[in-house]
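Novice: Provided below: start_11.txt, containing compact mmCIF, C-alpha atoms.
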# COMPACT_ATOMS: atom_id res chain seq x y z
CA MET F 14 10.93 73.90 -41.45
CA CYS F 15 10.73 70.26 -42.51
CA ASN F 16 14.28 70.40 -43.77
CA ARG F 17 15.60 71.90 -40.55
CA SER F 18 13.73 69.22 -38.58
CA VAL F 19 15.34 66.49 -40.71
CA GLY F 20 18.76 67.93 -39.91
CA LEU F 21 18.12 68.14 -36.20
CA ILE F 22 16.77 64.58 -36.04
CA ALA F 23 19.72 63.32 -38.14
CA ARG F 24 22.13 64.96 -35.72
CA ALA F 25 20.45 63.32 -32.72
CA ILE F 26 20.70 59.92 -34.43
CA GLU F 27 24.38 60.35 -35.29
CA GLU F 28 25.00 61.32 -31.65
CA VAL F 29 24.13 57.76 -30.61
CA GLY F 30 26.48 56.33 -33.25
CA ILE F 31 24.08 55.55 -36.09
CA PRO F 32 24.97 57.11 -39.47
CA THR F 33 22.30 58.93 -41.48
CA THR F 34 21.89 60.05 -45.05
CA SER F 35 19.35 62.75 -45.93
CA ILE F 36 17.67 64.38 -48.87
CA SER F 37 17.51 68.18 -48.72
CA LEU F 38 15.17 70.49 -50.58
CA THR F 39 16.54 73.69 -49.01
CA LYS F 40 20.27 74.15 -49.42
CA ASP F 41 20.99 77.09 -47.11
CA LEU F 42 18.85 75.79 -44.30
CA THR F 43 20.47 72.37 -44.47
CA LEU F 44 23.95 73.89 -44.39
CA ALA F 45 22.98 76.16 -41.48
CA THR F 46 21.53 73.24 -39.51
CA GLY F 47 24.71 71.22 -39.96
CA VAL F 48 23.35 68.01 -41.46
CA PRO F 49 25.85 65.10 -41.38
CA ARG F 50 25.26 64.09 -45.05
CA ALA F 51 22.69 65.29 -47.56
CA VAL F 52 21.85 65.17 -51.24
CA TYR F 53 20.47 68.60 -52.13
CA ILE F 54 17.98 68.79 -54.94
CA LYS F 55 16.14 71.90 -56.16
CA TRP F 56 12.70 70.40 -56.56
CA PRO F 57 9.28 71.49 -55.30
CA LEU F 58 8.68 70.94 -51.58
CA GLY F 59 6.96 67.65 -50.85
CA HIS F 60 8.98 65.75 -53.49
CA PRO F 61 12.26 64.63 -51.90
CA LEU F 62 12.36 61.50 -54.12
CA GLY F 63 10.75 63.14 -57.11
CA GLU F 64 7.55 62.53 -59.00
CA ALA F 65 4.78 60.12 -58.08
CA GLY F 66 5.23 56.82 -59.90
CA ASN F 67 8.70 57.61 -61.26
CA ARG F 68 10.56 54.53 -60.10
CA ALA F 69 13.81 55.29 -61.94
CA GLN F 70 13.97 58.77 -60.42
CA GLN F 71 13.28 57.48 -56.90
CA ARG F 72 15.95 54.81 -57.30
CA ARG F 73 18.47 57.39 -58.47
CA MET F 74 17.85 59.61 -55.42
CA ILE F 75 18.26 56.63 -53.09
CA PHE F 76 21.43 55.61 -54.93
CA ASP F 77 22.94 59.09 -54.55
CA ALA F 78 22.07 59.17 -50.84
CA LEU F 79 23.55 55.69 -50.27
CA LEU F 80 26.71 56.57 -52.18
CA LEU F 81 27.16 59.57 -49.91
CA LEU F 82 26.61 57.35 -46.89
CA LYS F 83 29.34 55.01 -48.11
CA GLU F 84 31.86 57.56 -49.33
CA ALA F 85 31.58 60.79 -47.28
CA GLU F 86 34.77 61.26 -45.30
CA LYS F 87 33.73 64.21 -43.20
CA PRO F 88 30.52 65.62 -41.70
CA GLY F 89 28.49 68.31 -43.44
CA VAL F 90 28.97 67.02 -46.99
CA LEU F 91 26.27 68.20 -49.40
CA ALA F 92 26.05 66.42 -52.75
CA GLU F 93 24.43 68.44 -55.54
CA PRO F 94 23.53 66.21 -58.51
CA GLY F 95 21.49 69.05 -60.08
CA TYR F 96 18.75 66.92 -61.67
CA ARG F 97 16.16 69.10 -63.42
CA TRP F 98 12.52 68.82 -62.37
CA LYS F 99 10.56 66.69 -64.87
CA ARG F 100 13.18 67.18 -67.60
CA GLU F 101 15.64 64.47 -66.67
CA LYS F 102 16.22 60.90 -67.82
CA TYR F 103 17.38 58.48 -65.15
CA PRO F 104 19.49 55.59 -66.39
CA GLU F 105 19.82 52.69 -63.96
CA PRO F 106 22.56 53.48 -61.40
CA ASP F 107 25.61 51.22 -61.09
CA TRP F 108 24.64 49.59 -57.81
CA SER F 109 27.92 47.67 -57.67
CA ARG F 110 29.53 50.96 -56.59
CA LEU F 111 27.79 50.51 -53.23
CA ARG F 112 29.41 47.17 -52.55
CA MET U 10 -10.56 65.14 -41.38
CA ALA U 11 -7.76 66.14 -39.05
CA GLU U 12 -6.29 68.30 -41.75
CA SER U 13 -8.47 70.97 -43.29
CA LYS U 14 -6.62 73.59 -45.25
CA SER U 15 -8.05 77.03 -45.89
CA ILE U 16 -7.85 78.47 -49.38
CA GLY U 17 -5.13 80.82 -48.14
CA GLU U 18 -3.07 77.88 -46.86
CA ARG U 19 -3.51 76.04 -50.14
CA ILE U 20 -2.28 79.04 -52.14
CA TRP U 21 0.58 79.53 -49.69
CA ASN U 22 1.67 75.90 -50.11
CA ARG U 23 1.61 76.27 -53.90
CA ILE U 24 3.77 79.39 -53.75
CA PHE U 25 6.21 77.78 -51.33
CA ALA U 26 6.57 74.72 -53.56
CA ILE U 27 8.15 76.87 -56.29
CA PRO U 28 11.86 76.08 -55.90
CA ILE U 29 13.07 79.67 -56.28
CA VAL U 30 10.69 80.81 -53.51
CA THR U 31 11.72 77.86 -51.31
CA GLN U 32 15.41 78.65 -51.75
CA TYR U 33 14.92 82.37 -51.05
CA TRP U 34 13.03 81.56 -47.88
CA ALA U 35 15.66 78.98 -46.86
CA LYS U 36 18.43 81.51 -47.35
CA ARG U 37 16.69 84.07 -45.16
CA THR U 38 15.82 81.56 -42.44
CA ALA U 39 19.34 80.12 -42.51
CA ARG U 40 20.84 83.56 -41.99
CA SER U 41 18.83 84.07 -38.85
CA GLU U 42 19.67 80.62 -37.53
CA SER U 43 23.24 80.03 -38.53
CA ALA U 44 24.55 81.48 -35.27
CA GLN U 45 22.38 79.05 -33.35
CA PHE U 46 23.64 75.83 -34.89
CA LYS U 47 26.84 76.40 -36.79
CA SER U 48 29.12 76.67 -33.78
CA ALA U 49 28.21 73.16 -32.65
CA GLU U 50 30.29 70.43 -34.25
CA ILE U 51 28.35 68.19 -36.62
CA PRO U 52 28.11 64.66 -35.20
CA PHE U 53 29.32 61.99 -37.62
CA ALA U 54 28.97 58.22 -37.33
CA ARG U 55 30.15 55.73 -39.95
CA LEU U 56 28.77 52.52 -41.40
CA LYS U 57 30.15 49.54 -39.53
CA LYS U 58 29.46 46.94 -42.23
CA PRO U 59 28.73 46.65 -45.95
CA LEU U 60 25.37 48.11 -47.05
CA SER U 61 24.28 44.66 -48.16
CA GLN U 62 24.30 43.61 -44.50
CA CYS U 63 22.79 46.80 -43.09
CA ARG U 64 19.41 47.27 -41.47
CA VAL U 65 17.76 50.51 -42.62
CA ALA U 66 15.15 52.67 -40.90
CA LEU U 67 13.18 55.29 -42.83
CA ILE U 68 12.50 58.62 -41.18
CA THR U 69 10.51 61.43 -42.73
CA THR U 70 9.22 64.80 -41.57
CA GLY U 71 6.47 64.55 -44.19
CA GLY U 72 3.71 63.93 -41.62
CA THR U 73 3.21 60.20 -42.30
CA HIS U 74 1.50 57.97 -39.74
CA LEU U 75 -0.68 54.88 -39.50
CA LYS U 76 -4.36 55.60 -40.17
CA THR U 77 -5.09 54.06 -36.79
CA ASP U 78 -2.72 56.49 -35.03
CA LYS U 79 -3.50 59.94 -33.68
CA PRO U 80 -2.98 62.56 -36.41
CA PHE U 81 -0.41 65.31 -35.92
CA ASP U 82 -1.60 68.55 -34.32
CA MET U 83 -2.56 70.99 -37.06
CA GLU U 84 -3.96 73.61 -34.68
CA ASN U 85 -0.77 74.74 -32.95
CA PRO U 86 1.02 77.29 -35.19
CA GLN U 87 4.34 76.19 -33.61
CA GLY U 88 3.74 72.72 -35.02
CA ASP U 89 3.94 69.31 -33.38
CA ALA U 90 7.28 67.79 -32.32
CA SER U 91 5.84 64.35 -31.58
CA TYR U 92 6.47 61.31 -33.76
CA ARG U 93 4.62 58.20 -34.89
CA GLU U 94 6.03 54.71 -35.22
CA ILE U 95 5.42 52.93 -38.51
CA PRO U 96 6.03 49.15 -38.50
CA GLY U 97 8.22 47.78 -41.28
CA ASP U 98 5.43 45.54 -42.55
CA ALA U 99 2.82 48.33 -42.85
CA ALA U 100 1.03 48.39 -46.20
CA PRO U 101 0.97 51.73 -48.08
CA GLU U 102 -2.80 51.85 -47.67
CA ASP U 103 -2.35 51.74 -43.86
CA ILE U 104 -0.40 54.99 -43.96
CA ILE U 105 -1.77 58.53 -44.27
CA ILE U 106 -0.24 62.02 -44.28
CA THR U 107 -1.35 64.76 -41.88
CA HIS U 108 0.62 67.90 -42.70
CA LYS U 109 -1.04 71.06 -43.94
CA TYR U 110 2.18 72.98 -44.50
CA TYR U 111 3.04 71.39 -47.84
CA ASN U 112 1.13 70.10 -50.81
CA HIS U 113 1.21 66.30 -50.48
CA GLN U 114 -1.06 65.33 -53.37
CA ASP U 115 1.79 63.50 -55.11
CA ALA U 116 2.92 61.78 -51.91
CA ASP U 117 -0.70 60.72 -51.32
CA LYS U 118 -0.70 59.13 -54.79
CA ASP U 119 2.67 57.44 -54.29
CA LEU U 120 3.99 57.21 -50.74
CA ASN U 121 7.47 56.43 -52.11
CA VAL U 122 7.85 60.13 -52.88
CA VAL U 123 8.44 60.75 -49.16
CA LEU U 124 8.66 57.29 -47.61
CA PRO U 125 10.21 54.89 -50.14
CA PHE U 126 9.23 51.52 -48.64
CA ASP U 127 8.65 49.90 -52.04
CA ARG U 128 12.00 51.07 -53.42
CA MET U 129 13.84 49.88 -50.30
CA ARG U 130 12.15 46.47 -50.49
CA GLU U 131 13.32 46.20 -54.12
CA LEU U 132 16.88 47.06 -53.12
CA ILE U 133 16.75 44.47 -50.34
CA SER U 134 15.60 41.78 -52.76
CA GLU U 135 18.40 42.87 -55.13
CA GLY U 136 20.94 42.48 -52.32
CA VAL U 137 21.97 46.15 -52.24
CA ILE U 138 20.71 46.66 -48.67
CA GLY U 139 20.37 44.04 -45.93
CA GLU U 140 16.92 44.46 -44.43
CA LEU U 141 14.19 46.83 -43.26
CA ALA U 142 14.12 47.72 -39.57
CA PRO U 143 11.07 46.55 -37.63
CA VAL U 144 10.17 50.19 -36.96
CA HIS U 145 10.28 53.50 -38.88
CA PHE U 146 9.36 57.02 -37.85
CA GLY U 147 7.14 59.80 -39.09
CA PHE U 148 7.44 63.37 -37.87
CA MET U 149 5.49 66.42 -38.94
CA GLY U 150 8.37 68.68 -39.82
CA HIS U 151 6.70 72.04 -39.21
CA ILE U 152 8.34 72.54 -35.81
CA ASP U 153 9.14 75.95 -34.40
CA GLY U 154 9.04 78.08 -31.25
CA GLU U 155 8.07 76.16 -28.12
CA GLN U 156 8.00 72.87 -30.07
CA LEU U 157 11.63 73.13 -31.17
CA PRO U 158 13.16 72.35 -27.74
CA ILE U 159 10.76 69.41 -27.42
CA LEU U 160 12.19 67.98 -30.65
CA LEU U 161 15.78 68.70 -29.65
CA ASN U 162 15.62 67.54 -26.05
CA ARG U 163 13.00 64.84 -26.10
CA THR U 164 11.54 63.37 -29.26
CA ALA U 165 14.61 63.29 -31.54
CA PRO U 166 16.87 61.69 -28.86
CA GLU U 167 14.04 59.27 -28.04
CA VAL U 168 13.84 58.12 -31.67
CA ALA U 169 17.64 57.81 -31.78
CA GLU U 170 17.52 55.48 -28.75
CA LYS U 171 14.74 53.43 -30.32
CA LEU U 172 16.81 53.00 -33.48
CA LYS U 173 19.69 51.78 -31.34
CA THR U 174 17.47 49.30 -29.53
CA ALA U 175 16.24 48.06 -32.93
CA ASP U 176 19.87 47.48 -34.05
CA VAL U 177 19.48 49.88 -36.96
CA ASP U 178 22.67 50.36 -39.00
CA PHE U 179 21.66 53.55 -40.78
CA ALA U 180 18.73 55.93 -41.20
CA PHE U 181 17.44 57.23 -44.52
CA MET U 182 15.93 60.67 -43.96
CA THR U 183 13.52 62.68 -46.08
CA PRO U 184 12.01 66.14 -45.59
CA ALA U 185 8.84 67.33 -47.26
If you convert what's in this file into structure tokens, what do you get?
Specialist:
Amino acid sequence: MCNRSVGLIARAIEEVGIPTTSISLTKDLTLATGVPRAVYIKWPLGHPLGEAGNRAQQRRMIFDALLLLKEAEKPGVLAEPGYRWKREKYPEPDWSRLR
Amino acid sequence: MAESKSIGERIWNRIFAIPIVTQYWAKRTARSESAQFKSAEIPFARLKKPLSQCRVALITTGGTHLKTDKPFDMENPQGDASYREIPGDAAPEDIIITHKYYNHQDADKDLNVVLPFDRMRELISEGVIGELAPVHFGFMGHIDGEQLPILLNRTAPEVAEKLKTADVDFAFMTPA
């Protein structure tokens, strides 16, 4: 339900002209809701940015969401980076790509 | 405590946190809802300036609110479509999660898991993003039945207007 609510709130915000970028933990629900932009990640509910205390992982998720915000050309784009839960290394993103 | 989970609810949350279960449930729910939303065109706004000059607002459905605020309603099975404002200068220890429909032990340990204030402040000091908005918003995302039209017709548009008034350039959204 949380993921549908995110989509519906994001849509209301875009309606007034403010862009949004979302994390999604439920692919089909996010697609069905029609979310403007989302990074879908197959992780346990309650962990949109990953594990507690994992700064590199949290930064990577924010980077991916910001990149989508900058580069998506049409609504309803779902990025799927496919990071594995607790089995992934997160090198520092190239933040200059967001400039 | 505003949020007291029964053993059944705890077990349920554990089961639902397993990604394969989550995805199966999402697929089924999406099938029943696709007719409702898919026909409507997806609204799409664009950034008007470089990210390094943008003001960001964080919005989560993870049930976050100030400790001094009224907790979300955990009694109504249809959920609670209201929202809570979180000032941009709130300390992590001022914020608490009321949401019995997911296991938030990790988010309790590190709020950045659902509401990444610390990470955003880092990115602001690194010049990636411009600044934090003066106000951010917490919802409790378990919203269904009679509460759904309240979200759609009242609380979500209200938050959108507040973001506009606060000159927010983009919103960063997280579920739970």
Novice: In the coordinates of the file, take the point (6.9, 71.6, -57.7) and a cut-off of 12 Å; then, counting all atoms listed in the file, name each qualifying protein, DNA or RNA residue as a ChimeraX atom specification.
Specialist: /F:38,54-61,63-65,97-99 /U:22-31,111-115,185
Novice: Which residues of chain U sit at most 7 Å from chain F, using all atoms listed in the file? Give each one's shortest atom pair and distance in Å (one decimal place), in chain and ascending residue order, as a Markdown table.
Specialist:
| residue | atom | partner | partner_atom | distance |
| --- | --- | --- | --- | --- |
| U:Ala26 | CA | F:Pro57 | CA | 4.6 |
| U:Ile27 | CA | F:Pro57 | CA | 5.6 |
| U:Pro28 | CA | F:Pro57 | CA | 5.3 |
| U:Thr31 | CA | F:Thr39 | CA | 6.8 |
| U:Gln32 | CA | F:Thr39 | CA | 5.8 |
| U:Ala35 | CA | F:Leu42 | CA | 5.2 |
| U:Lys36 | CA | F:Asp41 | CA | 5.1 |
| U:Thr38 | CA | F:Leu42 | CA | 6.8 |
| U:Ala39 | CA | F:Leu42 | CA | 4.7 |
| U:Glu42 | CA | F:Ala45 | CA | 6.8 |
| U:Ser43 | CA | F:Ala45 | CA | 4.9 |
| U:Phe46 | CA | F:Thr46 | CA | 5.7 |
| U:Lys47 | CA | F:Ala45 | CA | 6.1 |
| U:Ile51 | CA | F:Gly47 | CA | 5.8 |
| U:Pro52 | CA | F:Glu27 | CA | 5.7 |
| U:Phe53 | CA | F:Pro88 | CA | 5.6 |
| U:Ala54 | CA | F:Pro32 | CA | 4.7 |
| U:Arg55 | CA | F:Pro32 | CA | 5.4 |
| U:Leu56 | CA | F:Pro32 | CA | 6.3 |
| U:Pro59 | CA | F:Arg112 | CA | 6.7 |
| U:Leu60 | CA | F:Arg112 | CA | 6.9 |
| U:Thr70 | CA | F:Cys15 | CA | 5.7 |
| U:Tyr111 | CA | F:Gly59 | CA | 6.2 |
| U:Asn112 | CA | F:Gly59 | CA | 6.3 |
| U:His113 | CA | F:Gly59 | CA | 5.9 |
| U:Asp115 | CA | F:Ala65 | CA | 5.4 |
| U:Ala116 | CA | F:Ala65 | CA | 6.7 |
| U:Lys118 | CA | F:Ala65 | CA | 6.5 |
| U:Asp119 | CA | F:Ala65 | CA | 5.1 |
| U:Val122 | CA | F:Leu62 | CA | 4.9 |
| U:Val123 | CA | F:Pro61 | CA | 6.1 |
| U:Arg128 | CA | F:Arg72 | CA | 6.7 |
| U:Gly150 | CA | F:Cys15 | CA | 3.9 |
| U:His151 | CA | F:Met14 | CA | 5.1 |
| U:Ile152 | CA | F:Met14 | CA | 6.4 |
| U:Leu161 | CA | F:Leu21 | CA | 7.0 |
| U:Ala165 | CA | F:Ile22 | CA | 5.2 |
| U:Pro166 | CA | F:Ala25 | CA | 5.5 |
| U:Ala169 | CA | F:Ile26 | CA | 4.6 |
| U:Asp178 | CA | F:Ile31 | CA | 6.1 |
| U:Phe179 | CA | F:Pro32 | CA | 5.0 |
| U:Ala180 | CA | F:Thr33 | CA | 4.7 |
| U:Phe181 | CA | F:Thr34 | CA | 5.3 |
| U:Met182 | CA | F:Ser35 | CA | 4.5 |
| U:Thr183 | CA | F:Ile36 | CA | 5.3 |
| U:Pro184 | CA | F:Asn16 | CA | 5.2 |
| U:Ala185 | CA | F:Gly59 | CA | 4.1 |
Novice: Might you pull out every residue within 8 Å of stretch 129-135 of chain U, with all atoms listed in the file counted and same-chain residues fewer than 5 positions away left off, and present them as a list in words?
Specialist: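 Neighbouring residues, sequence-local ones excluded: Ser61, Glu140 and Leu141 of chain U.
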Novice: Could you jot down the atom CA of U:Leu157 to atom CA of U:Ile106 separation for me, Å, one decimal place?
Specialist: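 It comes out at 20.9 Å.
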Novice: With all atoms listed in the file as the basis for distance, which of U:Gly136, U:Phe126, U:Val168, U:Tyr110 is at the shortest distance from U:Gln87?
Specialist: U:Tyr110
Novice: Rounded to one decimal, what separation in Å do you get between atom CA of U:Lys58 and atom CA of U:Gly97?
Specialist: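 Atom CA of U:Gly97 lies at a distance of 21.3 Å from atom CA of U:Lys58.
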Novice: Pick the closest to U:Cys63 from U:Ala99, U:Asp89, U:Ile138, U:Glu84: which is it, counting all atoms listed in the file?
Specialist: U:Ile138
Novice: For stretch 12-20 of chain U, I'd like the enclosing box, axis-aligned and padded by 3 Å on every side, reported as lines of an AutoDock Vina configuration file with centre and edge lengths in Å to one decimal.
Specialist:
center_x = -5.4
center_y = 74.6
center_z = -46.9
size_x = 12.2
size_y = 18.5
size_z = 16.4
Novice: Taking all atoms listed in the file into account, which of U:Arg37, U:Arg64, U:Lys57, U:Lys171 comes nearest U:Gly139?
Specialist: U:Arg64
Novice: Quick check, in Å to one decimal: how far apart do atom CA of U:Gly72 and atom CA of F:Pro94 lie?
Specialist: 26.1 Å
Novice: Around the point (-4.6, 70.7, -35.2), in the coordinates given by the file, pick out the residues reaching within 10 Å, counting all atoms listed in the file, and return them as a list of chain:residue names.
Specialist: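 Nearby residues: U:Ala11, U:Glu12, U:Ser13, U:Pro80, U:Phe81, U:Asp82, U:Met83, U:Glu84, U:Asn85, U:Pro86, U:Gly88, U:Asp89, U:Thr107, U:His108, U:Lys109.
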Novice: Skipping near chain neighbours, those fewer than 3 positions away, what residues fall within 8 Å of F:Ala92 using all atoms listed in the file, listed as number ranges by chain?
Specialist: F: 51-53, 81
Novice: I need the residue nearest U:Leu172 from this list: U:Tyr33, U:Trp21, U:Phe146, U:Tyr92. Use only C-alpha atoms for the distance.
Specialist: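 When distances to U:Leu172 are compared using only C-alpha atoms, the smallest one comes from U:Phe146.
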Novice: Within 7 Å of U:Thr73, counting only C-alpha atoms, which residues show up once you throw out same-chain ones fewer than 2 positions away? Write them as an MDAnalysis selection string, please.
Specialist: chainID U and resid 71 104:107 147:148
Novice: Output stretch 48-97 of chain U from the block with C-alpha atoms, as an mmCIF file, in the first residue's frame?
Specialist:
data_model
loop_
_atom_site.group_PDB
_atom_site.id
_atom_site.type_symbol
_atom_site.label_atom_id
_atom_site.label_comp_id
_atom_site.auth_asym_id
_atom_site.auth_seq_id
_atom_site.Cartn_x
_atom_site.Cartn_y
_atom_site.Cartn_z
ATOM 1 C CA SER U 48 -6.110 5.151 -18.258
ATOM 2 C CA ALA U 49 -5.187 8.469 -16.666
ATOM 3 C CA GLU U 50 -2.153 10.136 -18.198
ATOM 4 C CA ILE U 51 0.866 10.284 -15.902
ATOM 5 C CA PRO U 52 1.625 13.902 -14.954
ATOM 6 C CA PHE U 53 5.222 14.903 -15.661
ATOM 7 C CA ALA U 54 7.045 18.053 -14.582
ATOM 8 C CA ARG U 55 10.697 18.794 -15.296
ATOM 9 C CA LEU U 56 13.550 20.344 -13.345
ATOM 10 C CA LYS U 57 13.786 24.042 -14.092
ATOM 11 C CA LYS U 58 17.393 24.504 -12.959
ATOM 12 C CA PRO U 59 20.556 22.524 -12.240
ATOM 13 C CA LEU U 60 20.329 20.153 -9.243
ATOM 14 C CA SER U 61 23.064 22.136 -7.523
ATOM 15 C CA GLN U 62 20.618 25.054 -7.280
ATOM 16 C CA CYS U 63 17.541 23.006 -6.393
ATOM 17 C CA ARG U 64 15.615 22.971 -3.148
ATOM 18 C CA VAL U 65 14.603 19.418 -2.180
ATOM 19 C CA ALA U 66 11.737 18.195 -0.010
ATOM 20 C CA LEU U 67 11.689 14.657 1.383
ATOM 21 C CA ILE U 68 8.413 12.776 1.437
ATOM 22 C CA THR U 69 7.942 9.299 2.814
ATOM 23 C CA THR U 70 4.990 7.003 3.441
ATOM 24 C CA GLY U 71 7.024 5.274 6.150
ATOM 25 C CA GLY U 72 4.981 6.756 9.015
ATOM 26 C CA THR U 73 7.559 9.300 10.223
ATOM 27 C CA HIS U 74 6.519 12.253 12.372
ATOM 28 C CA LEU U 75 7.823 14.522 15.111
ATOM 29 C CA LYS U 76 7.628 12.945 18.569
ATOM 30 C CA THR U 77 5.617 15.967 19.637
ATOM 31 C CA ASP U 78 3.038 15.397 16.874
ATOM 32 C CA LYS U 79 -0.063 13.228 16.992
ATOM 33 C CA PRO U 80 0.791 9.657 15.927
ATOM 34 C CA PHE U 81 -0.894 8.150 12.879
ATOM 35 C CA ASP U 82 -4.125 6.226 13.450
ATOM 36 C CA MET U 83 -3.308 2.542 13.870
ATOM 37 C CA GLU U 84 -6.864 1.534 14.774
ATOM 38 C CA ASN U 85 -8.612 2.131 11.450
ATOM 39 C CA PRO U 86 -8.004 -0.889 9.168
ATOM 40 C CA GLN U 87 -8.381 1.449 6.152
ATOM 41 C CA GLY U 88 -5.350 3.363 7.386
ATOM 42 C CA ASP U 89 -4.792 7.080 7.874
ATOM 43 C CA ALA U 90 -4.499 9.464 4.917
ATOM 44 C CA SER U 91 -3.343 12.425 7.006
ATOM 45 C CA TYR U 92 0.204 13.759 6.940
ATOM 46 C CA ARG U 93 2.685 15.326 9.346
ATOM 47 C CA GLU U 94 5.032 18.205 8.628
ATOM 48 C CA ILE U 95 8.678 17.696 9.525
ATOM 49 C CA PRO U 96 10.831 20.856 9.661
ATOM 50 C CA GLY U 97 14.095 20.771 7.736
#
